[in-house]
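Enquirer: What follows is model19.txt; its format and atoms are compact mmCIF, C-alpha atoms.
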# COMPACT_ATOMS: atom_id res chain seq x y z
CA MET A 30 -3.71 -24.56 18.66
CA PRO A 31 -7.45 -24.96 18.92
CA VAL A 32 -9.92 -22.28 19.88
CA LYS A 33 -12.60 -23.53 22.26
CA VAL A 34 -16.24 -22.58 21.73
CA LYS A 35 -17.67 -21.61 25.14
CA ASN A 36 -20.83 -20.12 23.66
CA LYS A 37 -21.83 -20.60 20.03
CA GLY A 38 -23.85 -17.39 19.63
CA LEU A 39 -26.59 -17.62 17.01
CA ALA A 40 -25.80 -19.84 14.01
CA THR A 41 -22.12 -18.80 14.02
CA SER A 42 -20.58 -20.52 11.02
CA ILE A 43 -17.19 -21.15 9.45
CA GLN A 44 -17.05 -19.36 6.09
CA ASP A 45 -14.47 -18.62 3.42
CA MET A 46 -15.02 -17.42 -0.16
CA GLY A 47 -17.23 -20.41 -0.86
CA ARG A 48 -17.33 -23.33 -3.28
CA PRO A 49 -17.98 -22.10 -6.82
CA GLY A 50 -18.64 -24.55 -9.62
CA TYR A 51 -21.44 -26.77 -8.29
CA PHE A 52 -24.53 -24.57 -8.58
CA HIS A 53 -25.65 -26.51 -11.67
CA LEU A 54 -25.84 -29.54 -9.36
CA GLY A 55 -27.89 -27.61 -6.82
CA ILE A 56 -24.98 -26.92 -4.46
CA PRO A 57 -24.73 -23.19 -3.79
CA ILE A 58 -21.52 -21.21 -3.47
CA SER A 59 -22.05 -20.43 0.25
CA GLY A 60 -19.17 -18.53 1.85
CA ALA A 61 -19.30 -15.20 3.70
CA MET A 62 -22.51 -13.22 3.17
CA ASP A 63 -20.33 -10.09 3.31
CA ARG A 64 -17.18 -11.22 1.49
CA PHE A 65 -15.70 -7.73 1.57
CA SER A 66 -15.58 -7.80 5.37
CA LEU A 67 -14.14 -11.33 5.56
CA ARG A 68 -11.41 -10.36 3.09
CA VAL A 69 -10.51 -7.33 5.18
CA ALA A 70 -10.53 -9.33 8.43
CA ASN A 71 -8.08 -11.76 6.84
CA MET A 72 -5.86 -8.88 5.63
CA LEU A 73 -5.70 -7.51 9.17
CA VAL A 74 -4.27 -10.76 10.53
CA GLY A 75 -1.93 -11.45 7.60
CA ASN A 76 -3.94 -14.37 6.18
CA ASP A 77 -4.66 -15.15 2.59
CA GLU A 78 -7.85 -13.14 1.92
CA SER A 79 -9.84 -16.28 1.23
CA ALA A 80 -8.91 -18.04 4.49
CA ALA A 81 -11.75 -19.40 6.60
CA GLY A 82 -13.01 -17.32 9.50
CA LEU A 83 -16.18 -17.15 11.57
CA GLU A 84 -19.37 -15.42 10.49
CA ALA A 85 -21.40 -14.33 13.53
CA VAL A 86 -24.93 -13.15 12.91
CA PHE A 87 -26.53 -10.52 15.20
CA MET A 88 -24.74 -11.80 18.31
CA GLY A 89 -21.19 -12.95 18.87
CA PRO A 90 -19.86 -16.27 20.17
CA GLU A 91 -17.63 -16.67 23.20
CA LEU A 92 -14.25 -18.19 22.33
CA GLU A 93 -11.39 -19.26 24.56
CA PHE A 94 -7.92 -19.16 23.03
CA THR A 95 -5.47 -21.90 24.06
CA GLU A 96 -2.48 -20.12 22.50
CA ASP A 97 -1.49 -16.53 21.75
CA ALA A 98 -3.08 -15.34 18.51
CA ILE A 99 -3.54 -12.35 16.23
CA ILE A 100 -7.21 -11.69 15.47
CA ALA A 101 -9.50 -9.09 13.89
CA VAL A 102 -13.24 -8.45 13.81
CA THR A 103 -14.86 -6.63 10.86
CA GLY A 104 -18.31 -6.30 9.29
CA GLY A 105 -21.24 -5.02 11.34
CA GLU A 106 -20.36 -3.10 14.51
CA LEU A 107 -20.25 -5.98 17.00
CA PRO A 108 -17.81 -4.72 19.65
CA PRO A 109 -15.29 -7.42 20.64
CA LYS A 110 -14.19 -7.85 24.24
CA ILE A 111 -11.03 -9.59 25.42
CA ASP A 112 -11.53 -10.83 28.99
CA GLY A 113 -14.33 -8.28 29.26
CA GLU A 114 -12.35 -5.29 27.96
CA VAL A 115 -13.95 -3.67 24.90
CA LYS A 116 -11.69 -3.49 21.82
CA GLU A 117 -11.92 -1.86 18.38
CA THR A 118 -13.47 -3.47 15.32
CA TRP A 119 -11.61 -3.39 11.95
CA THR A 120 -8.31 -3.46 13.87
CA THR A 121 -5.54 -6.02 14.41
CA MET A 122 -5.64 -7.36 17.99
CA ARG A 123 -3.50 -9.67 20.04
CA ILE A 124 -5.13 -12.23 22.33
CA LYS A 125 -3.17 -14.34 24.80
CA ALA A 126 -3.43 -18.01 25.68
CA GLY A 127 -6.18 -18.47 28.26
CA GLN A 128 -8.04 -15.28 27.32
CA THR A 129 -11.64 -15.23 26.15
CA LEU A 130 -13.07 -13.30 23.22
CA SER A 131 -16.68 -12.28 23.68
CA PHE A 132 -18.91 -9.55 22.26
CA ASP A 133 -21.18 -6.73 23.28
CA TYR A 134 -24.55 -6.33 21.52
CA ILE A 135 -24.44 -5.31 17.86
CA ARG A 136 -24.67 -1.53 17.25
CA HIS A 137 -25.32 -1.64 13.50
CA GLY A 138 -25.08 -4.10 10.64
CA ALA A 139 -25.98 -7.76 10.97
CA ARG A 140 -22.88 -9.92 10.59
CA ALA A 141 -19.38 -9.78 12.02
CA TYR A 142 -16.35 -11.63 10.69
CA ILE A 143 -13.73 -13.00 13.03
CA ALA A 144 -10.37 -13.79 11.44
CA ILE A 145 -7.62 -15.61 13.31
CA ALA A 146 -4.04 -15.63 11.96
CA GLY A 147 -3.51 -19.00 10.31
CA GLY A 148 -7.19 -19.34 9.45
CA ILE A 149 -9.62 -21.99 10.66
CA ASP A 150 -8.19 -25.29 9.48
CA THR A 151 -11.15 -27.66 9.31
CA PRO A 152 -11.23 -30.17 6.40
CA GLN A 153 -12.42 -28.81 3.06
CA SER A 154 -15.37 -30.25 1.24
CA LEU A 155 -15.60 -29.60 -2.51
CA GLY A 156 -12.71 -27.17 -2.19
CA SER A 157 -14.10 -25.01 0.61
CA ARG A 158 -14.49 -24.88 4.38
CA SER A 159 -17.70 -22.84 4.11
CA THR A 160 -20.63 -24.15 6.08
CA TYR A 161 -23.67 -25.11 4.02
CA ALA A 162 -25.75 -26.51 6.85
CA ILE A 163 -28.76 -27.64 4.78
CA GLY A 164 -26.47 -29.74 2.60
CA ALA A 165 -24.23 -30.78 5.54
CA LEU A 166 -21.11 -29.51 3.76
CA GLY A 167 -18.07 -27.79 5.26
CA GLY A 168 -18.07 -26.25 8.74
CA ILE A 169 -17.70 -28.71 11.61
CA ASP A 170 -19.00 -32.02 10.21
CA GLY A 171 -21.35 -30.07 7.94
CA ARG A 172 -22.84 -27.87 10.66
CA VAL A 173 -22.51 -24.49 12.38
CA ILE A 174 -20.38 -24.28 15.53
CA GLU A 175 -21.67 -25.73 18.81
CA ASN A 176 -20.72 -25.23 22.44
CA GLY A 177 -17.71 -27.39 23.27
CA ASP A 178 -16.30 -27.48 19.72
CA GLU A 179 -12.57 -27.01 19.32
CA LEU A 180 -11.70 -25.09 16.17
CA PRO A 181 -8.36 -26.09 14.64
CA ILE A 182 -6.23 -23.11 13.58
CA GLY A 183 -3.58 -23.23 10.86
CA SER A 184 -0.06 -22.03 11.52
CA ILE A 185 1.29 -18.89 9.92
CA SER A 186 3.99 -16.39 10.77
CA THR A 187 2.28 -13.03 10.59
CA ASN A 188 4.01 -9.68 10.78
CA MET A 189 0.80 -7.70 11.25
CA SER A 190 1.24 -5.36 14.17
CA GLU A 191 -1.35 -4.78 16.85
CA GLY A 192 -3.45 -1.68 16.26
CA THR A 193 -3.32 -1.80 12.44
CA SER A 194 -6.67 -0.34 11.50
CA VAL A 195 -8.81 0.22 8.42
CA PRO A 196 -9.63 3.93 7.88
CA LYS A 197 -13.32 4.59 8.60
CA VAL A 198 -14.06 5.79 5.04
CA LEU A 199 -13.05 2.38 3.73
CA ARG A 200 -15.39 0.40 6.01
CA ARG A 201 -18.36 -0.37 3.84
CA GLY A 202 -21.84 -0.70 5.29
CA PRO A 203 -25.44 -0.03 4.25
CA GLY A 204 -26.85 3.49 4.46
CA SER A 205 -30.30 4.41 5.78
CA PRO A 206 -32.49 3.52 4.01
CA ALA A 207 -30.28 0.82 2.57
CA GLU A 208 -30.04 0.98 -1.22
CA LEU A 209 -29.69 -2.13 -3.31
CA ARG A 210 -29.01 -1.65 -7.00
CA VAL A 211 -30.99 -3.95 -9.27
CA LEU A 212 -30.65 -4.91 -12.91
CA PRO A 213 -34.15 -5.74 -14.27
CA GLY A 214 -34.17 -9.28 -15.62
CA LEU A 215 -35.57 -11.90 -17.90
CA TYR A 216 -39.09 -11.96 -16.45
CA TRP A 217 -39.55 -8.21 -16.03
CA HIS A 218 -42.26 -8.38 -18.71
CA ARG A 219 -44.45 -10.45 -16.36
CA ILE A 220 -45.41 -7.40 -14.27
CA THR A 221 -47.25 -4.29 -15.37
CA HIS A 222 -45.39 -1.05 -16.04
CA GLU A 223 -47.02 0.55 -12.97
CA ALA A 224 -46.08 -2.39 -10.73
CA GLY A 225 -42.48 -2.12 -11.95
CA GLU A 226 -42.36 1.62 -11.20
CA ARG A 227 -43.85 1.11 -7.74
CA PHE A 228 -41.37 -1.65 -6.90
CA PHE A 229 -38.53 0.87 -7.22
CA GLN A 230 -40.39 3.81 -5.66
CA GLU A 231 -41.60 2.15 -2.49
CA THR A 232 -39.63 1.60 0.69
CA TRP A 233 -39.42 -2.02 1.79
CA LYS A 234 -38.41 -3.51 5.12
CA VAL A 235 -36.27 -6.57 5.80
CA ALA A 236 -38.43 -9.40 7.14
CA SER A 237 -37.34 -11.38 10.20
CA GLU A 238 -37.20 -14.58 8.09
CA ALA A 239 -34.19 -13.22 6.15
CA ASP A 240 -31.30 -15.70 6.27
CA ARG A 241 -28.34 -17.04 4.29
CA MET A 242 -30.58 -18.59 1.62
CA GLY A 243 -32.57 -15.50 0.92
CA TYR A 244 -33.46 -12.06 2.20
CA ARG A 245 -37.18 -11.43 2.31
CA PHE A 246 -38.65 -7.93 2.18
CA LYS A 247 -42.06 -6.68 3.29
CA GLY A 248 -44.10 -3.53 3.25
CA GLY A 249 -44.43 -2.71 -0.45
CA SER A 250 -47.52 -3.10 -2.64
CA PRO A 251 -48.36 -6.47 -4.19
CA LEU A 252 -47.23 -6.69 -7.82
CA GLU A 253 -49.78 -6.73 -10.63
CA PHE A 254 -49.09 -9.23 -13.36
CA VAL A 255 -49.66 -9.08 -17.09
CA GLU A 256 -52.36 -11.50 -18.29
CA ARG A 257 -51.03 -14.62 -19.95
CA LYS A 258 -51.86 -18.17 -20.94
CA GLN A 259 -50.42 -20.53 -18.32
CA PRO A 260 -47.25 -22.00 -19.87
CA PHE A 261 -46.75 -25.75 -20.08
CA SER A 262 -45.61 -27.18 -16.69
CA ALA A 263 -45.82 -23.81 -14.91
CA GLY A 264 -47.86 -23.47 -11.73
CA SER A 265 -51.20 -21.67 -11.87
CA ASP A 266 -50.19 -18.58 -9.90
CA PRO A 267 -49.24 -15.61 -12.09
CA SER A 268 -45.83 -15.54 -10.34
CA ASN A 269 -45.11 -19.11 -11.54
CA ILE A 270 -42.99 -19.92 -14.56
CA THR A 271 -41.82 -23.09 -16.23
CA ASP A 272 -38.96 -24.14 -13.93
CA ALA A 273 -35.76 -22.25 -14.66
CA PRO A 274 -32.36 -21.63 -13.07
CA TYR A 275 -31.93 -18.78 -10.59
CA ALA A 276 -28.92 -16.47 -10.43
CA TYR A 277 -27.35 -15.33 -7.14
CA GLY A 278 -28.96 -12.05 -6.23
CA SER A 279 -32.07 -12.72 -8.26
CA ILE A 280 -35.30 -11.40 -6.82
CA GLN A 281 -38.25 -13.77 -6.81
CA VAL A 282 -41.65 -12.61 -5.66
CA PRO A 283 -43.84 -15.64 -4.83
CA GLY A 284 -47.48 -14.67 -5.27
CA GLY A 285 -46.32 -11.15 -6.14
CA THR A 286 -46.23 -10.10 -2.48
CA GLU A 287 -42.85 -10.34 -0.73
CA PRO A 288 -39.63 -10.09 -2.76
CA ILE A 289 -36.87 -12.54 -1.80
CA VAL A 290 -33.28 -11.84 -2.85
CA LEU A 291 -31.45 -15.15 -3.21
CA HIS A 292 -28.12 -15.11 -1.40
CA ARG A 293 -25.05 -17.30 -0.82
CA ASP A 294 -26.95 -20.46 0.21
CA ALA A 295 -29.56 -20.02 -2.55
CA VAL A 296 -31.57 -22.72 -4.24
CA SER A 297 -30.38 -23.08 -7.83
CA GLY A 298 -33.69 -23.09 -9.62
CA GLY A 299 -37.45 -23.31 -9.40
CA GLY A 300 -40.80 -22.16 -10.63
CA PHE A 301 -41.01 -18.51 -9.60
CA PHE A 302 -40.42 -15.59 -11.93
CA THR A 303 -37.50 -13.33 -10.98
CA LEU A 304 -37.94 -9.66 -11.73
CA GLY A 305 -34.26 -8.78 -11.66
CA THR A 306 -30.95 -9.29 -9.90
CA VAL A 307 -29.17 -7.33 -7.19
CA ILE A 308 -25.80 -6.37 -8.66
CA SER A 309 -22.74 -8.26 -7.38
CA ALA A 310 -21.24 -5.12 -5.80
CA ASP A 311 -24.23 -4.81 -3.46
CA MET A 312 -24.60 -8.44 -2.39
CA ASP A 313 -22.25 -7.90 0.56
CA LEU A 314 -24.46 -5.07 1.83
CA ILE A 315 -27.44 -7.41 2.08
CA GLY A 316 -25.48 -9.50 4.55
CA GLN A 317 -25.40 -6.44 6.83
CA LEU A 318 -29.15 -5.78 6.88
CA GLN A 319 -30.98 -6.37 10.14
CA PRO A 320 -34.66 -7.28 10.18
CA ASN A 321 -36.91 -4.23 9.85
CA ILE A 322 -34.24 -2.07 8.15
CA GLU A 323 -35.73 0.18 5.46
CA THR A 324 -34.54 -0.69 1.99
CA LYS A 325 -34.97 0.83 -1.48
CA PHE A 326 -34.33 -1.03 -4.67
CA VAL A 327 -32.60 1.18 -7.23
CA LYS A 328 -32.87 0.42 -10.95
CA VAL A 329 -29.53 0.41 -12.78
CA ASN A 330 -28.18 -0.78 -16.13
CA MET A 331 -25.34 -3.19 -16.89
CA GLN A 332 -22.81 -0.39 -17.30
CA THR A 333 -23.51 0.93 -13.80
CA ALA A 334 -23.33 -2.62 -12.41
CA LEU A 335 -19.92 -3.18 -13.96
CA SER A 336 -18.49 0.13 -12.80
CA ALA A 337 -19.82 -0.52 -9.28
CA ARG A 338 -17.98 -3.84 -9.32
CA LYS A 339 -14.82 -2.01 -10.40
CA GLU A 340 -15.22 0.61 -7.64
CA ARG A 341 -15.52 -2.11 -5.07
CA ALA A 342 -12.30 -3.73 -6.34
CA VAL A 343 -10.53 -0.36 -6.12
CA MET A 344 -11.77 0.06 -2.54
CA LEU A 345 -10.37 -3.34 -1.58
CA ASP A 346 -7.06 -2.34 -3.17
CA SER A 347 -6.98 0.85 -1.12
CA ILE A 348 -7.45 -1.23 2.03
CA ARG A 349 -4.65 -3.59 1.00
CA GLN A 350 -2.37 -0.58 0.71
CA ALA A 351 -3.62 1.04 3.91
CA VAL A 352 -2.98 -2.01 6.08
CA ALA A 353 0.16 -3.31 4.34
CA MET B 201 -32.12 -3.04 45.57
CA ALA B 202 -30.45 -2.49 42.22
CA LYS B 203 -32.43 -2.27 39.03
CA ILE B 204 -31.16 -4.56 36.30
CA GLU B 205 -32.16 -4.22 32.67
CA ILE B 206 -32.60 -7.31 30.55
CA ARG B 207 -31.60 -6.47 26.99
CA SER B 208 -31.96 -8.40 23.77
CA GLN B 209 -28.80 -9.17 21.82
CA LEU B 210 -30.96 -10.00 18.82
CA PRO B 211 -33.24 -8.14 16.45
CA GLY B 212 -36.56 -9.76 15.63
CA VAL B 213 -40.04 -10.18 17.09
CA PHE B 214 -40.43 -10.50 20.87
CA TYR B 215 -42.94 -12.92 22.41
CA ARG B 216 -43.82 -13.27 26.06
CA LYS B 217 -45.33 -16.75 25.69
CA PRO B 218 -43.61 -20.02 24.71
CA SER B 219 -46.46 -20.57 22.21
CA PRO B 220 -49.72 -18.74 21.47
CA ASP B 221 -51.84 -21.15 23.61
CA GLU B 222 -49.60 -21.13 26.66
CA PRO B 223 -49.41 -18.64 29.54
CA THR B 224 -46.69 -15.97 29.60
CA PHE B 225 -43.23 -16.96 30.84
CA LYS B 226 -43.31 -14.30 33.56
CA GLU B 227 -45.50 -11.46 34.79
CA VAL B 228 -44.63 -8.23 36.59
CA GLY B 229 -44.09 -9.08 40.28
CA ASP B 230 -42.80 -12.61 39.55
CA THR B 231 -39.49 -13.74 41.00
CA VAL B 232 -36.83 -14.87 38.57
CA LYS B 233 -33.54 -16.72 38.94
CA ALA B 234 -30.56 -16.08 36.67
CA GLY B 235 -31.14 -18.18 33.55
CA ASP B 236 -34.96 -18.16 33.77
CA ALA B 237 -36.72 -17.54 30.46
CA ILE B 238 -38.66 -14.29 30.21
CA GLY B 239 -39.49 -14.40 26.49
CA LEU B 240 -38.60 -15.49 22.97
CA VAL B 241 -37.19 -13.64 19.98
CA GLU B 242 -38.10 -14.87 16.53
CA VAL B 243 -35.40 -14.27 13.95
CA MET B 244 -34.15 -16.15 10.86
CA LYS B 245 -36.97 -18.71 11.18
CA THR B 246 -35.84 -19.69 14.69
CA PHE B 247 -36.93 -18.83 18.23
CA GLN B 248 -34.24 -17.84 20.70
CA GLN B 249 -35.01 -17.83 24.39
CA ILE B 250 -34.27 -14.65 26.33
CA ASN B 251 -33.10 -15.38 29.86
CA ALA B 252 -32.78 -13.20 32.92
CA ASP B 253 -29.08 -12.66 33.60
CA ALA B 254 -29.61 -12.01 37.31
CA ALA B 255 -32.04 -12.99 40.07
CA GLY B 256 -34.74 -10.64 41.28
CA ILE B 257 -38.32 -9.50 40.89
CA ILE B 258 -39.72 -8.31 37.57
CA VAL B 259 -40.62 -4.63 37.89
CA SER B 260 -41.70 -3.97 34.31
CA PHE B 261 -41.76 -5.16 30.72
CA GLU B 262 -40.56 -2.44 28.37
CA VAL B 263 -41.92 -4.03 25.19
CA GLU B 264 -45.25 -5.61 24.32
CA ASP B 265 -45.87 -9.13 23.10
CA SER B 266 -45.23 -9.34 19.30
CA ASP B 267 -43.26 -6.07 19.22
CA VAL B 268 -40.41 -5.72 16.76
CA ILE B 269 -37.19 -5.19 18.72
CA SER B 270 -33.62 -4.08 18.00
CA PRO B 271 -30.36 -5.37 19.49
CA GLY B 272 -29.58 -3.68 22.79
CA GLN B 273 -33.21 -2.77 23.45
CA VAL B 274 -34.38 -3.15 27.06
CA LEU B 275 -37.04 -5.87 27.29
CA ALA B 276 -37.69 -5.96 31.02
CA VAL B 277 -36.41 -4.51 34.27
CA ILE B 278 -35.81 -6.58 37.37
CA GLU B 279 -34.96 -5.52 40.88
CA GLY B 280 -32.48 -7.76 42.65
Here is the file; what I need is its structure written in the form of structure tokens.

Expert:
Amino acid sequence: MPVKVKNKGLATSIQDMGRPGYFHLGIPISGAMDRFSLRVANMLVGNDESAAGLEAVFMGPELEFTEDAIIAVTGGELPPKIDGEVKETWTTMRIKAGQTLSFDYIRHGARAYIAIAGGIDTPQSLGSRSTYAIGALGGIDGRVIENGDELPIGSISTNMSEGTSVPKVLRRGPGSPAELRVLPGLYWHRITHEAGERFFQETWKVASEADRMGYRFKGGSPLEFVERKQPFSAGSDPSNITDAPYAYGSIQVPGGTEPIVLHRDAVSGGGFFTLGTVISADMDLIGQLQPNIETKFVKVNMQTALSARKERAVMLDSIRQAVA
Amino acid sequence: MAKIEIRSQLPGVFYRKPSPDEPTFKEVGDTVKAGDAIGLVEVMKTFQQINADAAGIIVSFEVEDSDVISPGQVLAVIEG
């Protein structure tokens, strides 16, 4: 029972939990920028939490359903409309054959997740349906959705009832200013003590270039580097290093000016120093940052990072119980 | 004559010209048809065209060229 794409929105892509295991070959994990929200959308329609859904960024697509379906929209507040009637986010909805799902303009956040009972059933590549457009993997023939596409939907018997909703306290989104917790990393020694302090004190703003590969931030002071002898094979800029692997969430600062947090479609390595890494529990929040949103980086240690990861798992568990 | 607001669905940077060397898409007083471009929004390294969703005459632009805009913000008002 395909879903027809009447309007693609802006770079709306099919995403699941991604394709781990190939980063050493330069193929990133991809998958939902805000995995938490995709998991919850899937819970609300009775899918396996890792089923493929749609990730809409800033604006929603327009989709015509050819059969009755159970759907849910989570993530940023992008109000869904069924045949023009506004519905609730984070809530199980029923849509009938012939009806159209469209969206109002986004009120906060940056990405919405649309789950359909049965999941989007496009062919997997390297074990995932996630769209990695630059590498032409997953999605629809390796690309984001286009007008006129027909999205195949898997079959499932779901017993989720209409109106099942996630309590507001369990809907996670960035605060204002957004706070991203950072574990200082391997190349922290490259910048001066003062530059390091300032990095955490200043308020940054999301740049409009921010995308699935990386989130760029502007507005803070340029970093000052510690003097050094240029290492063998490193570029001449003080922000260059001998090529090295990058971790997801790592923060590179080319030229010492604008930090870039590498995200789900990240490059796997290169010649820029990385001053630290955004902790895994906060990666989903980045996916909900609009351009120009004020952001603070908050220094934490490994213990805090691990307990934050645990808290996030507990929160997901609470949602599983709340919607079961 | 009803006033119609043209809003952006996207956050980003608003431009009134297709490129820096070209004239603006539309000026106040110009007539537009539904679907006519009135500007561009730059976001995620792409430019998205903003179209009028109704026909009429442009009464005002509510944002300047190169302004940073938020989703839902009114960009221009037309009278149709």

Enquirer: Would you compute the distance between CA of Ile206 (chain B) and CA of Asn251 (chain B)? Give it in Å to one decimal.

Expert: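 Computing it gives 8.1 Å between the two atoms.
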
Enquirer: Show me a table, sorted first by chain and then by increasing residue number, of the residues of chain A having an atom at most 8 Å from chain B, each with its shortest atom pair and the distance in Å to one decimal, counting all atoms listed in the file and written as CSV.

Expert:
residue,atom,partner,partner_atom,distance
A:Phe87,CA,B:Leu210,CA,5.7
A:Met88,CA,B:Gln209,CA,6.0
A:Tyr134,CA,B:Gln209,CA,5.1
A:Ile135,CA,B:Pro271,CA,6.1
A:Arg136,CA,B:Pro271,CA,7.2
A:Ser237,CA,B:Val243,CA,5.1
A:Glu238,CA,B:Met244,CA,4.4
A:Ala239,CA,B:Met244,CA,5.5
A:Asp240,CA,B:Met244,CA,5.4
A:Gln319,CA,B:Pro211,CA,6.9
A:Pro320,CA,B:Gly212,CA,6.3
A:Asn321,CA,B:Val268,CA,7.9

Enquirer: Mind writing the picked residues with C-alpha atoms as a CSV table (one decimal), keeping the file's coordinate frame?

Expert:
chain,number,residue,atom,x,y,z
A,87,PHE,CA,-26.5,-10.5,15.2
A,88,MET,CA,-24.7,-11.8,18.3
A,134,TYR,CA,-24.6,-6.3,21.5
A,135,ILE,CA,-24.4,-5.3,17.9
A,136,ARG,CA,-24.7,-1.5,17.2
A,237,SER,CA,-37.3,-11.4,10.2
A,238,GLU,CA,-37.2,-14.6,8.1
A,239,ALA,CA,-34.2,-13.2,6.2
A,240,ASP,CA,-31.3,-15.7,6.3
A,319,GLN,CA,-31.0,-6.4,10.1
A,320,PRO,CA,-34.7,-7.3,10.2
A,321,ASN,CA,-36.9,-4.2,9.8

Enquirer: As an exercise, work out the distance from CA of Gly147 (chain A) to CA of Ala165 (chain A) in Å and give it to one decimal place.

Expert: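 One can read the CA of Gly147 (chain A) to CA of Ala165 (chain A) distance as 24.3 Å.
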
Enquirer: So how far away is CA of Ala310 (chain A) from CA of Ile348 (chain A), in Å?

Expert: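 Interatomic distance, CA of Ile348 (chain A) to CA of Ala310 (chain A): 16.3 Å.
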
Enquirer: Pick out the residues sitting within 12 Å of Met201 (chain B), and hand them over as a ChimeraX atom specification; count only C-alpha atoms, and ignore anything fewer than 3 positions along from it in its own chain.

Expert: /B:204,255-257,259,278-280

Enquirer: Which neighbours of Leu275 (chain B) fall inside 10 Å, counting only C-alpha atoms, when residues of the same chain fewer than 4 positions from it are skipped, and could you give them as a list in words?

Expert: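 Once the adjacent positions are removed, what remains is Glu205, Ile206, Arg207, Ser208, Phe214, Ile238, Gly239, Ile250, Ser260, Phe261, Glu262, Val263, Glu264 and Ile269 of chain B.
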
Enquirer: Name the closest residue to Lys125 (chain A) among the candidates A:Val32, A:Val282, A:Ile163, A:Val327; distances are taken between atoms, counting only C-alpha atoms.

Expert: A:Val32

Enquirer: Please list as a list in words every residue within 8 Å of Gly89 (chain A), counting only C-alpha atoms and excluding residues in the same chain fewer than 5 positions away.

Expert: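 With the cut-off at 8 Å, the set is Lys37, Gly38, Leu39, Thr41, Leu107, Ser131, Phe132, Asp133, Tyr134 and Ala141 of chain A.
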
Enquirer: Of the candidates A:Asn36, A:Gln259, A:Gln317, A:Thr160, which shows the shortest atom-to-atom distance to Gly105 (chain A), using only C-alpha atoms?

Expert: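 Ranking A:Asn36, A:Gln259, A:Gln317, A:Thr160 by distance to Gly105 (chain A), first place goes to A:Gln317.
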
Enquirer: For Ile185 (chain A), which residue out of A:Arg210, A:Arg68, A:Ala98, A:Leu155 is the nearest one, using all atoms listed in the file?

Expert: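 Of all the options, A:Ala98 lies closest to Ile185 (chain A).
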
Enquirer: Leaving out Ser219 (chain B) and any residue of its chain fewer than 4 positions from it, which residues lie within 12 Å of it when counting only C-alpha atoms, given as a ChimeraX atom specification?

Expert: /B:214-215,223-225,239-242,247,249,265-266

Enquirer: Between A:Ile270, A:Ala263, A:Trp233, A:Arg172, which is the closest to Arg219 (chain A) once you count all atoms listed in the file?

Expert: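 Of the candidates, the smallest distance to Arg219 (chain A) is held by A:Ile270.
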
Enquirer: With a distance cut-off of 10 Å and only C-alpha atoms, select the neighbouring residues of region 284-289 of chain A, excluding the residue or stretch itself and same-chain residues fewer than 6 positions from it, and output the selection as a list in words.

Expert: Ile220, Ala224, Phe228, Trp233, Val235, Ala236, Ala239, Met242, Gly243, Tyr244, Arg245, Phe246, Lys247, Gly248, Gly249, Ser250, Pro251, Leu252, Glu253, Phe254, Asp266, Pro267, Ser268, Asn269, Gly278, Phe301, Phe302, Thr303 and Leu304 of chain A

Enquirer: For each of B:Ala234, B:Lys203, B:Val228, B:Glu222, take the minimum atom-to-atom distance to Ile258 (chain B), counting only C-alpha atoms, then give the residue where this is smallest.

Expert: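 Smallest separation from Ile258 (chain B) among the options: B:Val228.
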
Enquirer: Please enclose the listed atoms of region 216-235 of chain B in an axis-aligned box, pad each side by 4 Å, and write out the centre and the three edge lengths in Å, rounded to one decimal, as JSON.

Expert:
{"center_x": -41.2, "center_y": -14.7, "center_z": 31.2, "size_x": 29.3, "size_y": 20.9, "size_z": 27.5}
